[in-house]
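Engineer: Sharing run_22.pdb below, PDB, C-alpha atoms, pLDDT in the B column:
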```pdb
ATOM      1  CA  SER A 374      -0.969   0.025  -9.288  1.00 86.00           C
ATOM      2  CA  PHE A 375       0.763   2.114  -6.589  1.00 96.00           C
ATOM      3  CA  GLU A 376      -1.817   4.924  -6.851  1.00 97.00           C
ATOM      4  CA  GLY A 377      -2.513   4.759  -3.106  1.00 95.00           C
ATOM      5  CA  VAL A 378       0.038   7.455  -2.251  1.00 96.00           C
ATOM      6  CA  LEU A 379      -0.028   8.754   1.328  1.00 96.00           C
ATOM      7  CA  VAL A 380       2.918  11.168   1.022  1.00 95.00           C
ATOM      8  CA  PRO A 381       3.989  12.387  -2.448  1.00 95.00           C
ATOM      9  CA  PRO A 382       7.550  11.171  -3.160  1.00 96.00           C
ATOM     10  CA  CYS A 383      10.284  13.638  -4.096  1.00 96.00           C
ATOM     11  CA  ASP A 384      13.795  12.974  -2.835  1.00 94.00           C
ATOM     12  CA  ILE A 385      15.912   9.832  -3.143  1.00 94.00           C
ATOM     13  CA  MET A 386      14.245   7.293  -0.863  1.00 96.00           C
ATOM     14  CA  VAL A 387      15.881   5.800   2.217  1.00 96.00           C
ATOM     15  CA  THR A 388      15.066   2.805   4.428  1.00 95.00           C
ATOM     16  CA  GLY A 389      11.417   2.830   5.514  1.00 95.00           C
ATOM     17  CA  ASP A 390      10.273   5.495   3.037  1.00 97.00           C
ATOM     18  CA  PHE A 391       8.362   3.107   0.772  1.00 97.00           C
ATOM     19  CA  ALA A 392       5.834   2.285   3.500  1.00 96.00           C
ATOM     20  CA  ILE A 393       5.489   5.988   4.336  1.00 97.00           C
ATOM     21  CA  VAL A 394       4.765   6.937   0.725  1.00 97.00           C
ATOM     22  CA  GLU A 395       2.565   3.956  -0.218  1.00 97.00           C
ATOM     23  CA  GLN A 396      -0.714   3.064   1.453  1.00 94.00           C
ATOM     24  CA  ASN A 397      -0.469  -0.729   1.212  1.00 95.00           C
ATOM     25  CA  TRP A 398       2.962  -1.693  -0.127  1.00 97.00           C
ATOM     26  CA  TYR A 399       6.223  -1.772   1.835  1.00 97.00           C
ATOM     27  CA  SER A 400       9.793  -3.012   1.600  1.00 97.00           C
ATOM     28  CA  PRO A 401      10.290  -6.295   3.486  1.00 97.00           C
ATOM     29  CA  THR A 402      14.013  -5.513   3.961  1.00 97.00           C
ATOM     30  CA  ASP A 403      16.143  -2.473   4.772  1.00 96.00           C
ATOM     31  CA  ALA A 404      16.609  -1.839   1.051  1.00 96.00           C
ATOM     32  CA  THR A 405      15.146   1.256  -0.598  1.00 96.00           C
ATOM     33  CA  PRO A 406      12.674   0.714  -3.466  1.00 97.00           C
ATOM     34  CA  ASP A 407      11.353   3.885  -5.090  1.00 97.00           C
ATOM     35  CA  VAL A 408       7.993   5.430  -5.976  1.00 98.00           C
ATOM     36  CA  TYR A 409       7.850   7.577  -9.132  1.00 98.00           C
ATOM     37  CA  SER A 410       5.161  10.105  -9.995  1.00 98.00           C
ATOM     38  CA  THR A 411       4.173  12.341 -12.915  1.00 98.00           C
ATOM     39  CA  VAL A 412       2.313  14.825 -10.670  1.00 97.00           C
ATOM     40  CA  ILE A 413       5.093  16.034  -8.353  1.00 97.00           C
ATOM     41  CA  PRO A 414       7.469  18.981  -8.972  1.00 97.00           C
ATOM     42  CA  GLN A 415       9.806  18.394 -11.916  1.00 97.00           C
ATOM     43  CA  ASN A 416      12.881  19.117  -9.796  1.00 96.00           C
ATOM     44  CA  CYS A 417      12.114  16.084  -7.595  1.00 97.00           C
ATOM     45  CA  PHE A 418      14.424  13.121  -8.201  1.00 96.00           C
ATOM     46  CA  LEU A 419      11.358  10.848  -8.436  1.00 97.00           C
ATOM     47  CA  PHE A 420       9.513  12.906 -11.040  1.00 97.00           C
ATOM     48  CA  GLN A 421       8.958  11.078 -14.329  1.00 97.00           C
ATOM     49  CA  PRO A 422       9.757  11.138 -17.184  1.00 95.00           C
ATOM     50  CA  ASN A 423      12.269  14.026 -17.387  1.00 93.00           C
ATOM     51  CA  SER A 424      13.248  15.129 -13.908  1.00 95.00           C
ATOM     52  CA  THR A 425      15.372  18.278 -13.596  1.00 96.00           C
ATOM     53  CA  TYR A 426      16.852  17.112 -10.277  1.00 94.00           C
ATOM     54  CA  PRO A 427      20.433  18.465 -10.179  1.00 90.00           C
ATOM     55  CA  GLY A 428      21.978  15.882  -7.842  1.00 82.00           C
ATOM     56  CA  PRO A 429      24.808  13.425  -8.496  1.00 83.00           C
ATOM     57  CA  ILE A 430      22.784  10.217  -8.812  1.00 87.00           C
ATOM     58  CA  GLY A 431      22.075   9.038 -12.358  1.00 87.00           C
ATOM     59  CA  PHE A 432      18.493   8.630 -13.508  1.00 92.00           C
ATOM     60  CA  LYS A 433      17.187   5.111 -14.069  1.00 95.00           C
ATOM     61  CA  GLY A 434      15.125   5.838 -17.180  1.00 94.00           C
ATOM     62  CA  THR A 435      12.309   7.858 -18.718  1.00 94.00           C
ATOM     63  CA  GLN A 436       9.435   5.383 -18.477  1.00 96.00           C
ATOM     64  CA  LEU A 437       5.891   6.655 -17.845  1.00 97.00           C
ATOM     65  CA  PRO A 438       3.465   4.746 -15.609  1.00 98.00           C
ATOM     66  CA  ARG A 439       1.468   2.100 -17.433  1.00 98.00           C
ATOM     67  CA  THR A 440      -1.715   3.309 -15.713  1.00 97.00           C
ATOM     68  CA  GLY A 441      -2.401   6.313 -13.496  1.00 97.00           C
ATOM     69  CA  ASN A 442       0.313   8.677 -12.301  1.00 97.00           C
ATOM     70  CA  THR A 443       2.478   6.485 -10.092  1.00 98.00           C
ATOM     71  CA  MET A 444       4.723   3.435 -10.387  1.00 98.00           C
ATOM     72  CA  ALA A 445       7.370   1.659  -8.341  1.00 98.00           C
ATOM     73  CA  GLY A 446      10.980   0.970  -9.269  1.00 98.00           C
ATOM     74  CA  PHE A 447      13.774  -0.997  -7.623  1.00 97.00           C
ATOM     75  CA  GLY A 448      16.979  -2.935  -8.102  1.00 97.00           C
ATOM     76  CA  PHE A 449      16.670  -6.617  -8.973  1.00 98.00           C
ATOM     77  CA  PHE A 450      20.469  -7.015  -9.211  1.00 97.00           C
ATOM     78  CA  THR A 451      23.390  -4.686  -8.436  1.00 95.00           C
ATOM     79  CA  ILE A 452      27.058  -5.722  -8.543  1.00 94.00           C
ATOM     80  CA  ALA A 453      27.894  -9.381  -9.161  1.00 94.00           C
ATOM     81  CA  GLY A 454      28.857 -11.178  -5.968  1.00 94.00           C
ATOM     82  CA  GLN A 455      27.135  -8.749  -3.594  1.00 95.00           C
ATOM     83  CA  ASN A 456      23.709 -10.453  -3.678  1.00 96.00           C
ATOM     84  CA  HIS A 457      22.057  -7.106  -3.041  1.00 96.00           C
ATOM     85  CA  ARG A 458      18.298  -7.125  -3.618  1.00 97.00           C
ATOM     86  CA  GLU A 459      15.292  -4.850  -3.314  1.00 98.00           C
ATOM     87  CA  TYR A 460      11.715  -6.114  -3.019  1.00 98.00           C
ATOM     88  CA  VAL A 461       8.186  -4.850  -2.545  1.00 98.00           C
ATOM     89  CA  GLN A 462       5.573  -6.700  -0.515  1.00 98.00           C
ATOM     90  CA  VAL A 463       1.829  -6.313   0.072  1.00 98.00           C
ATOM     91  CA  ARG A 464      -0.836  -8.012   2.148  1.00 98.00           C
ATOM     92  CA  LEU A 465      -3.684  -9.237  -0.037  1.00 97.00           C
ATOM     93  CA  ASN A 466      -7.244  -8.061   0.592  1.00 96.00           C
ATOM     94  CA  SER A 467      -8.124 -11.606   1.618  1.00 97.00           C
ATOM     95  CA  PRO A 468      -6.270 -14.942   1.765  1.00 98.00           C
ATOM     96  CA  LEU A 469      -6.308 -17.187  -1.289  1.00 98.00           C
ATOM     97  CA  ILE A 470      -8.609 -20.214  -1.080  1.00 98.00           C
ATOM     98  CA  PRO A 471      -6.758 -23.554  -1.220  1.00 98.00           C
ATOM     99  CA  CYS A 472      -7.467 -25.699  -4.318  1.00 97.00           C
ATOM    100  CA  ARG A 473      -8.700 -22.679  -6.260  1.00 98.00           C
ATOM    101  CA  LYS A 474      -6.774 -21.452  -9.297  1.00 98.00           C
ATOM    102  CA  TYR A 475      -5.501 -17.867  -9.521  1.00 98.00           C
ATOM    103  CA  GLU A 476      -3.781 -15.827 -12.174  1.00 97.00           C
ATOM    104  CA  ILE A 477      -0.887 -13.728 -10.887  1.00 97.00           C
ATOM    105  CA  GLU A 478       0.353 -10.892 -13.101  1.00 97.00           C
ATOM    106  CA  PHE A 479       2.407  -7.709 -13.004  1.00 98.00           C
ATOM    107  CA  TYR A 480       4.284  -5.542 -15.499  1.00 98.00           C
ATOM    108  CA  VAL A 481       7.938  -4.474 -15.561  1.00 98.00           C
ATOM    109  CA  SER A 482      10.047  -2.206 -17.756  1.00 98.00           C
ATOM    110  CA  LEU A 483      13.838  -2.134 -17.705  1.00 98.00           C
ATOM    111  CA  GLY A 484      15.257   1.267 -16.798  1.00 97.00           C
ATOM    112  CA  ASP A 485      16.559   2.823 -20.051  1.00 96.00           C
ATOM    113  CA  PHE A 486      19.937   3.721 -18.587  1.00 96.00           C
ATOM    114  CA  GLN A 487      20.659   0.581 -16.555  1.00 97.00           C
ATOM    115  CA  GLU A 488      23.706  -1.622 -17.133  1.00 97.00           C
ATOM    116  CA  PHE A 489      21.863  -4.819 -18.009  1.00 96.00           C
ATOM    117  CA  ALA A 490      18.677  -6.891 -17.953  1.00 98.00           C
ATOM    118  CA  ILE A 491      18.176 -10.102 -15.971  1.00 98.00           C
ATOM    119  CA  ASP A 492      16.166 -13.320 -16.313  1.00 96.00           C
ATOM    120  CA  ARG A 493      15.082 -13.786 -12.696  1.00 96.00           C
ATOM    121  CA  ILE A 494      12.001 -11.618 -12.123  1.00 98.00           C
ATOM    122  CA  GLY A 495       9.280 -13.287 -10.095  1.00 98.00           C
ATOM    123  CA  ALA A 496       6.562 -13.220  -7.477  1.00 98.00           C
ATOM    124  CA  ASN A 497       6.223 -15.222  -4.278  1.00 98.00           C
ATOM    125  CA  LEU A 498       3.021 -15.934  -2.388  1.00 98.00           C
ATOM    126  CA  ALA A 499       3.252 -16.778   1.304  1.00 98.00           C
ATOM    127  CA  THR A 500       0.986 -17.223   4.317  1.00 98.00           C
ATOM    128  CA  THR A 501       3.032 -14.855   6.483  1.00 97.00           C
ATOM    129  CA  PRO A 502       5.151 -11.786   5.737  1.00 97.00           C
ATOM    130  CA  THR A 503       8.854 -12.381   5.193  1.00 94.00           C
ATOM    131  CA  LEU A 504      10.884  -9.586   6.769  1.00 95.00           C
ATOM    132  CA  MET A 505      14.672  -9.227   6.912  1.00 93.00           C
ATOM    133  CA  SER A 506      16.799  -6.417   8.330  1.00 89.00           C
ATOM    134  CA  LEU A 507      19.424  -6.743   5.593  1.00 89.00           C
ATOM    135  CA  TYR A 508      19.787  -6.084   1.849  1.00 91.00           C
ATOM    136  CA  GLY A 509      20.235  -9.689   0.751  1.00 94.00           C
ATOM    137  CA  VAL A 510      18.264 -12.371  -1.093  1.00 97.00           C
ATOM    138  CA  LEU A 511      14.991 -13.289   0.616  1.00 97.00           C
ATOM    139  CA  PRO A 512      14.727 -17.038   1.396  1.00 95.00           C
ATOM    140  CA  LEU A 513      11.670 -17.510  -0.825  1.00 96.00           C
ATOM    141  CA  LEU A 514      10.942 -19.243  -4.123  1.00 96.00           C
ATOM    142  CA  PRO A 515       8.725 -17.626  -6.762  1.00 98.00           C
ATOM    143  CA  GLN A 516       5.600 -19.427  -7.899  1.00 97.00           C
ATOM    144  CA  VAL A 517       5.478 -17.096 -10.930  1.00 97.00           C
ATOM    145  CA  GLN A 518       8.512 -15.989 -12.942  1.00 97.00           C
ATOM    146  CA  ALA A 519       9.460 -14.338 -16.231  1.00 97.00           C
ATOM    147  CA  THR A 520      10.347 -16.865 -18.931  1.00 92.00           C
ATOM    148  CA  GLY A 521      13.614 -15.168 -19.884  1.00 95.00           C
ATOM    149  CA  PRO A 522      15.535 -11.881 -19.695  1.00 96.00           C
ATOM    150  CA  VAL A 523      13.265  -8.809 -19.670  1.00 98.00           C
ATOM    151  CA  THR A 524      15.056  -6.358 -21.978  1.00 98.00           C
ATOM    152  CA  ASP A 525      12.317  -3.931 -23.100  1.00 98.00           C
ATOM    153  CA  VAL A 526      13.108  -0.343 -22.080  1.00 97.00           C
ATOM    154  CA  LEU A 527      10.268   1.255 -24.066  1.00 96.00           C
ATOM    155  CA  GLY A 528       7.174  -0.763 -23.222  1.00 97.00           C
ATOM    156  CA  TRP A 529       5.866  -2.876 -20.378  1.00 98.00           C
ATOM    157  CA  THR A 530       6.523  -6.623 -20.212  1.00 98.00           C
ATOM    158  CA  ARG A 531       3.809  -8.760 -18.632  1.00 98.00           C
ATOM    159  CA  VAL A 532       4.970 -11.398 -16.150  1.00 98.00           C
ATOM    160  CA  SER A 533       2.192 -13.838 -15.325  1.00 97.00           C
ATOM    161  CA  GLY A 534       1.280 -17.351 -14.376  1.00 97.00           C
ATOM    162  CA  ILE A 535      -1.627 -19.464 -13.134  1.00 97.00           C
ATOM    163  CA  ILE A 536      -1.253 -21.282  -9.843  1.00 97.00           C
ATOM    164  CA  GLU A 537      -3.459 -23.571  -7.814  1.00 97.00           C
ATOM    165  CA  ALA A 538      -3.267 -22.370  -4.235  1.00 97.00           C
ATOM    166  CA  ASP A 539      -2.102 -25.118  -1.908  1.00 97.00           C
ATOM    167  CA  GLN A 540      -2.278 -22.852   1.136  1.00 97.00           C
ATOM    168  CA  ALA A 541      -4.205 -19.759   2.211  1.00 98.00           C
ATOM    169  CA  TYR A 542      -1.571 -17.396   0.858  1.00 98.00           C
ATOM    170  CA  GLU A 543      -1.964 -13.819   2.108  1.00 98.00           C
ATOM    171  CA  TYR A 544       1.257 -11.979   1.177  1.00 98.00           C
ATOM    172  CA  LEU A 545       2.696 -11.173  -2.242  1.00 98.00           C
ATOM    173  CA  THR A 546       6.371 -10.294  -2.739  1.00 98.00           C
ATOM    174  CA  ILE A 547       7.916  -9.234  -6.070  1.00 98.00           C
ATOM    175  CA  GLY A 548      11.627  -9.282  -6.865  1.00 98.00           C
ATOM    176  CA  ASN A 549      14.601 -11.537  -7.675  1.00 98.00           C
ATOM    177  CA  PHE A 550      14.786 -14.517  -5.335  1.00 98.00           C
ATOM    178  CA  PHE A 551      17.997 -16.101  -6.648  1.00 98.00           C
ATOM    179  CA  PRO A 552      21.672 -15.574  -5.716  1.00 97.00           C
ATOM    180  CA  ASP A 553      23.910 -13.738  -8.169  1.00 97.00           C
ATOM    181  CA  ASP A 554      25.562 -16.895  -9.503  1.00 96.00           C
ATOM    182  CA  SER A 555      22.147 -18.173 -10.662  1.00 97.00           C
ATOM    183  CA  VAL A 556      21.123 -14.975 -12.457  1.00 97.00           C
ATOM    184  CA  GLY A 557      21.664 -14.493 -16.181  1.00 96.00           C
ATOM    185  CA  THR A 558      22.512 -10.957 -17.285  1.00 97.00           C
ATOM    186  CA  THR A 559      22.119  -9.331 -20.708  1.00 97.00           C
ATOM    187  CA  PRO A 560      23.929  -6.045 -21.561  1.00 97.00           C
ATOM    188  CA  ASN A 561      21.592  -3.097 -22.090  1.00 97.00           C
ATOM    189  CA  PRO A 562      22.572  -1.146 -25.245  1.00 97.00           C
ATOM    190  CA  THR A 563      21.013   2.060 -23.894  1.00 96.00           C
ATOM    191  CA  ALA A 564      23.009   2.060 -20.622  1.00 96.00           C
ATOM    192  CA  SER A 565      24.282   5.515 -19.641  1.00 94.00           C
ATOM    193  CA  GLY A 566      27.154   4.590 -17.317  1.00 92.00           C
ATOM    194  CA  GLN A 567      26.083   7.331 -14.906  1.00 91.00           C
ATOM    195  CA  PRO A 568      26.420   6.942 -11.112  1.00 90.00           C
ATOM    196  CA  GLY A 569      23.754   4.646  -9.707  1.00 89.00           C
ATOM    197  CA  THR A 570      22.872   3.001 -13.019  1.00 94.00           C
ATOM    198  CA  TYR A 571      24.859  -0.199 -12.490  1.00 95.00           C
ATOM    199  CA  GLY A 572      23.030  -3.519 -12.356  1.00 97.00           C
ATOM    200  CA  ALA A 573      19.423  -4.232 -13.329  1.00 98.00           C
ATOM    201  CA  TYR A 574      16.719  -1.794 -12.212  1.00 98.00           C
ATOM    202  CA  TYR A 575      13.101  -2.207 -13.266  1.00 98.00           C
ATOM    203  CA  PHE A 576       9.969  -0.106 -13.046  1.00 98.00           C
ATOM    204  CA  LEU A 577       6.956  -2.048 -11.733  1.00 98.00           C
ATOM    205  CA  GLU A 578       3.243  -1.559 -12.390  1.00 98.00           C
ATOM    206  CA  ASP A 579      -0.227  -3.078 -12.165  1.00 97.00           C
TER
END
```
What would you get if you wrote out this structure as structure tokens?
Structural biologist:
Amino acid sequence: SFEGVLVPPCDIMVTGDFAIVEQNWYSPTDATPDVYSTVIPQNCFLFQPNSTYPGPIGFKGTQLPRTGNTMAGFGFFTIAGQNHREYVQVRLNSPLIPCRKYEIEFYVSLGDFQEFAIDRIGANLATTPTLMSLYGVLPLLPQVQATGPVTDVLGWTRVSGIIEADQAYEYLTIGNFFPDDSVGTTPNPTASGQPGTYGAYYFLED
């Protein structure tokens, strides 16, 4: 649940920071997912839930971690037509055993102030890491996906599914694996319109 913090986060994160902050998770692309914490100084941009950071970038929302003190957050969709994505990836403790069934689950919460929600939130399992030095859509298909738009800005929405492993999968990637023209968007009534709050940004936990 992102509690394995190596370096406490504070400032707006840049390329490569996610792997520096987190012990096991990393970004498989040059995009910049975030790590939020309730136990860092309140004037840090990544403090939750009510940061006093004075900078020009709009806050994503006021969500608290579902468990512990730390959670991730990243953009699943930005501006239509740009196909800009952020992902997080982790190597599993051990490969899955083929022909055995597994339940995959994680929790997301739409950033309170984001422009809209989307219906393409999923997880991919693979035998090797998928890395890309761009900000685009990873060439993967999710084996587990939300059943519709995730619009809840107050609570945590569980995304889950049961799969039967057909390979010895060892890497888990979470994000939006579809191009913009295949993504359904739903306006968020609590959107703030502040800089950096365009698109669909979700907090991720557990």
Engineer: Assuming the chain letters and numbering stay as they are in my file, what does the PyMOL selection byres ((chain A and resi 455) around 10) actually select? List them as a PyMOL selection string.
Structural biologist: chain A and resi 450-454+456-458+508-510+552-553
Engineer: Which residue out of A:Leu527, A:Met444, A:Val378, A:Leu465 has the minimum interatomic distance to Phe576 in chain A when only C-alpha atoms are used?
Structural biologist: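 Looking only at the distances to Phe576 in chain A, the closest residue turns out to be A:Met444.
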Engineer: Can you tell me, as a list in words, what residues are no more than 10 Å from Pro381 in chain A when counting only C-alpha atoms, ignoring any on the same chain fewer than 4 positions away?
Structural biologist: Ile393, Val394, Glu395, Val408, Tyr409, Ser410, Val412, Ile413, Pro414, Leu419 and Thr443 of chain A
Engineer: Keeping only C-alpha atoms, write those residues as a compact mmCIF listing (two decimals), in the frame of the given file.
Structural biologist:
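Writing the result to part-v4.txt gives the following:
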```
# COMPACT_ATOMS: atom_id res chain seq x y z
CA ILE A 393 5.49 5.99 4.34
CA VAL A 394 4.76 6.94 0.72
CA GLU A 395 2.56 3.96 -0.22
CA VAL A 408 7.99 5.43 -5.98
CA TYR A 409 7.85 7.58 -9.13
CA SER A 410 5.16 10.10 -9.99
CA VAL A 412 2.31 14.82 -10.67
CA ILE A 413 5.09 16.03 -8.35
CA PRO A 414 7.47 18.98 -8.97
CA LEU A 419 11.36 10.85 -8.44
CA THR A 443 2.48 6.48 -10.09
```
Engineer: What is the distance, in Å and to one decimal place, between CA of Asp554 in chain A and CA of Asp492 in chain A?
Structural biologist: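 These atoms are spaced 12.1 Å apart.
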Engineer: Could you write out as a PyMOL selection string the residues that the PyMOL selection byres ((chain A and resi 566) around 10) matches in the shown file?
Structural biologist: chain A and resi 431+486-488+563-565+567-571
Engineer: Using the chain letters and numbers from the file, give me the residues hit by the PyMOL selection byres ((chain A and resi 397) around 12), as a list of chain:residue names.
Structural biologist: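 When the PyMOL selection byres ((chain A and resi 397) around 12) is applied, the selected residues are A:Ser374, A:Phe375, A:Glu376, A:Gly377, A:Val378, A:Leu379, A:Phe391, A:Ala392, A:Ile393, A:Val394, A:Glu395, A:Gln396, A:Trp398, A:Tyr399, A:Ser400, A:Val461, A:Gln462, A:Val463, A:Arg464, A:Leu465, A:Asn466, A:Tyr544, A:Leu545.
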Engineer: Write out as number ranges by chain the residues lying within 12 Å of range 480-484 of chain A, counting all atoms listed in the file and excluding same-chain residues fewer than 6 positions away.
Structural biologist: A: 374, 421-422, 431-440, 444-450, 490-492, 494-496, 518-519, 522-533, 547-548, 559-565, 569-579
Engineer: Go ahead and write the selection's residues with C-alpha atoms as a PDB file, keeping the file's coordinate frame.
Structural biologist:
```
ATOM      1  CA  SER A 374      -0.969   0.025  -9.288  1.00 86.00           C
ATOM      2  CA  GLN A 421       8.958  11.078 -14.329  1.00 97.00           C
ATOM      3  CA  PRO A 422       9.757  11.138 -17.184  1.00 95.00           C
ATOM      4  CA  GLY A 431      22.075   9.038 -12.358  1.00 87.00           C
ATOM      5  CA  PHE A 432      18.493   8.630 -13.508  1.00 92.00           C
ATOM      6  CA  LYS A 433      17.187   5.111 -14.069  1.00 95.00           C
ATOM      7  CA  GLY A 434      15.125   5.838 -17.180  1.00 94.00           C
ATOM      8  CA  THR A 435      12.309   7.858 -18.718  1.00 94.00           C
ATOM      9  CA  GLN A 436       9.435   5.383 -18.477  1.00 96.00           C
ATOM     10  CA  LEU A 437       5.891   6.655 -17.845  1.00 97.00           C
ATOM     11  CA  PRO A 438       3.465   4.746 -15.609  1.00 98.00           C
ATOM     12  CA  ARG A 439       1.468   2.100 -17.433  1.00 98.00           C
ATOM     13  CA  THR A 440      -1.715   3.309 -15.713  1.00 97.00           C
ATOM     14  CA  MET A 444       4.723   3.435 -10.387  1.00 98.00           C
ATOM     15  CA  ALA A 445       7.370   1.659  -8.341  1.00 98.00           C
ATOM     16  CA  GLY A 446      10.980   0.970  -9.269  1.00 98.00           C
ATOM     17  CA  PHE A 447      13.774  -0.997  -7.623  1.00 97.00           C
ATOM     18  CA  GLY A 448      16.979  -2.935  -8.102  1.00 97.00           C
ATOM     19  CA  PHE A 449      16.670  -6.617  -8.973  1.00 98.00           C
ATOM     20  CA  PHE A 450      20.469  -7.015  -9.211  1.00 97.00           C
ATOM     21  CA  ALA A 490      18.677  -6.891 -17.953  1.00 98.00           C
ATOM     22  CA  ILE A 491      18.176 -10.102 -15.971  1.00 98.00           C
ATOM     23  CA  ASP A 492      16.166 -13.320 -16.313  1.00 96.00           C
ATOM     24  CA  ILE A 494      12.001 -11.618 -12.123  1.00 98.00           C
ATOM     25  CA  GLY A 495       9.280 -13.287 -10.095  1.00 98.00           C
ATOM     26  CA  ALA A 496       6.562 -13.220  -7.477  1.00 98.00           C
ATOM     27  CA  GLN A 518       8.512 -15.989 -12.942  1.00 97.00           C
ATOM     28  CA  ALA A 519       9.460 -14.338 -16.231  1.00 97.00           C
ATOM     29  CA  PRO A 522      15.535 -11.881 -19.695  1.00 96.00           C
ATOM     30  CA  VAL A 523      13.265  -8.809 -19.670  1.00 98.00           C
ATOM     31  CA  THR A 524      15.056  -6.358 -21.978  1.00 98.00           C
ATOM     32  CA  ASP A 525      12.317  -3.931 -23.100  1.00 98.00           C
ATOM     33  CA  VAL A 526      13.108  -0.343 -22.080  1.00 97.00           C
ATOM     34  CA  LEU A 527      10.268   1.255 -24.066  1.00 96.00           C
ATOM     35  CA  GLY A 528       7.174  -0.763 -23.222  1.00 97.00           C
ATOM     36  CA  TRP A 529       5.866  -2.876 -20.378  1.00 98.00           C
ATOM     37  CA  THR A 530       6.523  -6.623 -20.212  1.00 98.00           C
ATOM     38  CA  ARG A 531       3.809  -8.760 -18.632  1.00 98.00           C
ATOM     39  CA  VAL A 532       4.970 -11.398 -16.150  1.00 98.00           C
ATOM     40  CA  SER A 533       2.192 -13.838 -15.325  1.00 97.00           C
ATOM     41  CA  ILE A 547       7.916  -9.234  -6.070  1.00 98.00           C
ATOM     42  CA  GLY A 548      11.627  -9.282  -6.865  1.00 98.00           C
ATOM     43  CA  THR A 559      22.119  -9.331 -20.708  1.00 97.00           C
ATOM     44  CA  PRO A 560      23.929  -6.045 -21.561  1.00 97.00           C
ATOM     45  CA  ASN A 561      21.592  -3.097 -22.090  1.00 97.00           C
ATOM     46  CA  PRO A 562      22.572  -1.146 -25.245  1.00 97.00           C
ATOM     47  CA  THR A 563      21.013   2.060 -23.894  1.00 96.00           C
ATOM     48  CA  ALA A 564      23.009   2.060 -20.622  1.00 96.00           C
ATOM     49  CA  SER A 565      24.282   5.515 -19.641  1.00 94.00           C
ATOM     50  CA  GLY A 569      23.754   4.646  -9.707  1.00 89.00           C
ATOM     51  CA  THR A 570      22.872   3.001 -13.019  1.00 94.00           C
ATOM     52  CA  TYR A 571      24.859  -0.199 -12.490  1.00 95.00           C
ATOM     53  CA  GLY A 572      23.030  -3.519 -12.356  1.00 97.00           C
ATOM     54  CA  ALA A 573      19.423  -4.232 -13.329  1.00 98.00           C
ATOM     55  CA  TYR A 574      16.719  -1.794 -12.212  1.00 98.00           C
ATOM     56  CA  TYR A 575      13.101  -2.207 -13.266  1.00 98.00           C
ATOM     57  CA  PHE A 576       9.969  -0.106 -13.046  1.00 98.00           C
ATOM     58  CA  LEU A 577       6.956  -2.048 -11.733  1.00 98.00           C
ATOM     59  CA  GLU A 578       3.243  -1.559 -12.390  1.00 98.00           C
ATOM     60  CA  ASP A 579      -0.227  -3.078 -12.165  1.00 97.00           C
TER      61      ASP A 579
END
```
Engineer: Rank A:Ile385, A:Leu469, A:Ala499, A:Ala541 by their smallest atom-to-atom distance to Asn416 in chain A, using all atoms listed in the file, and report the top residue only.
Structural biologist: A:Ile385
Engineer: Give the answer as one residue: which of A:Leu504, A:Thr520, A:Tyr542, A:Glu537 has the shortest atom-to-atom distance to Gly557 in chain A, using only C-alpha atoms?
Structural biologist: A:Thr520
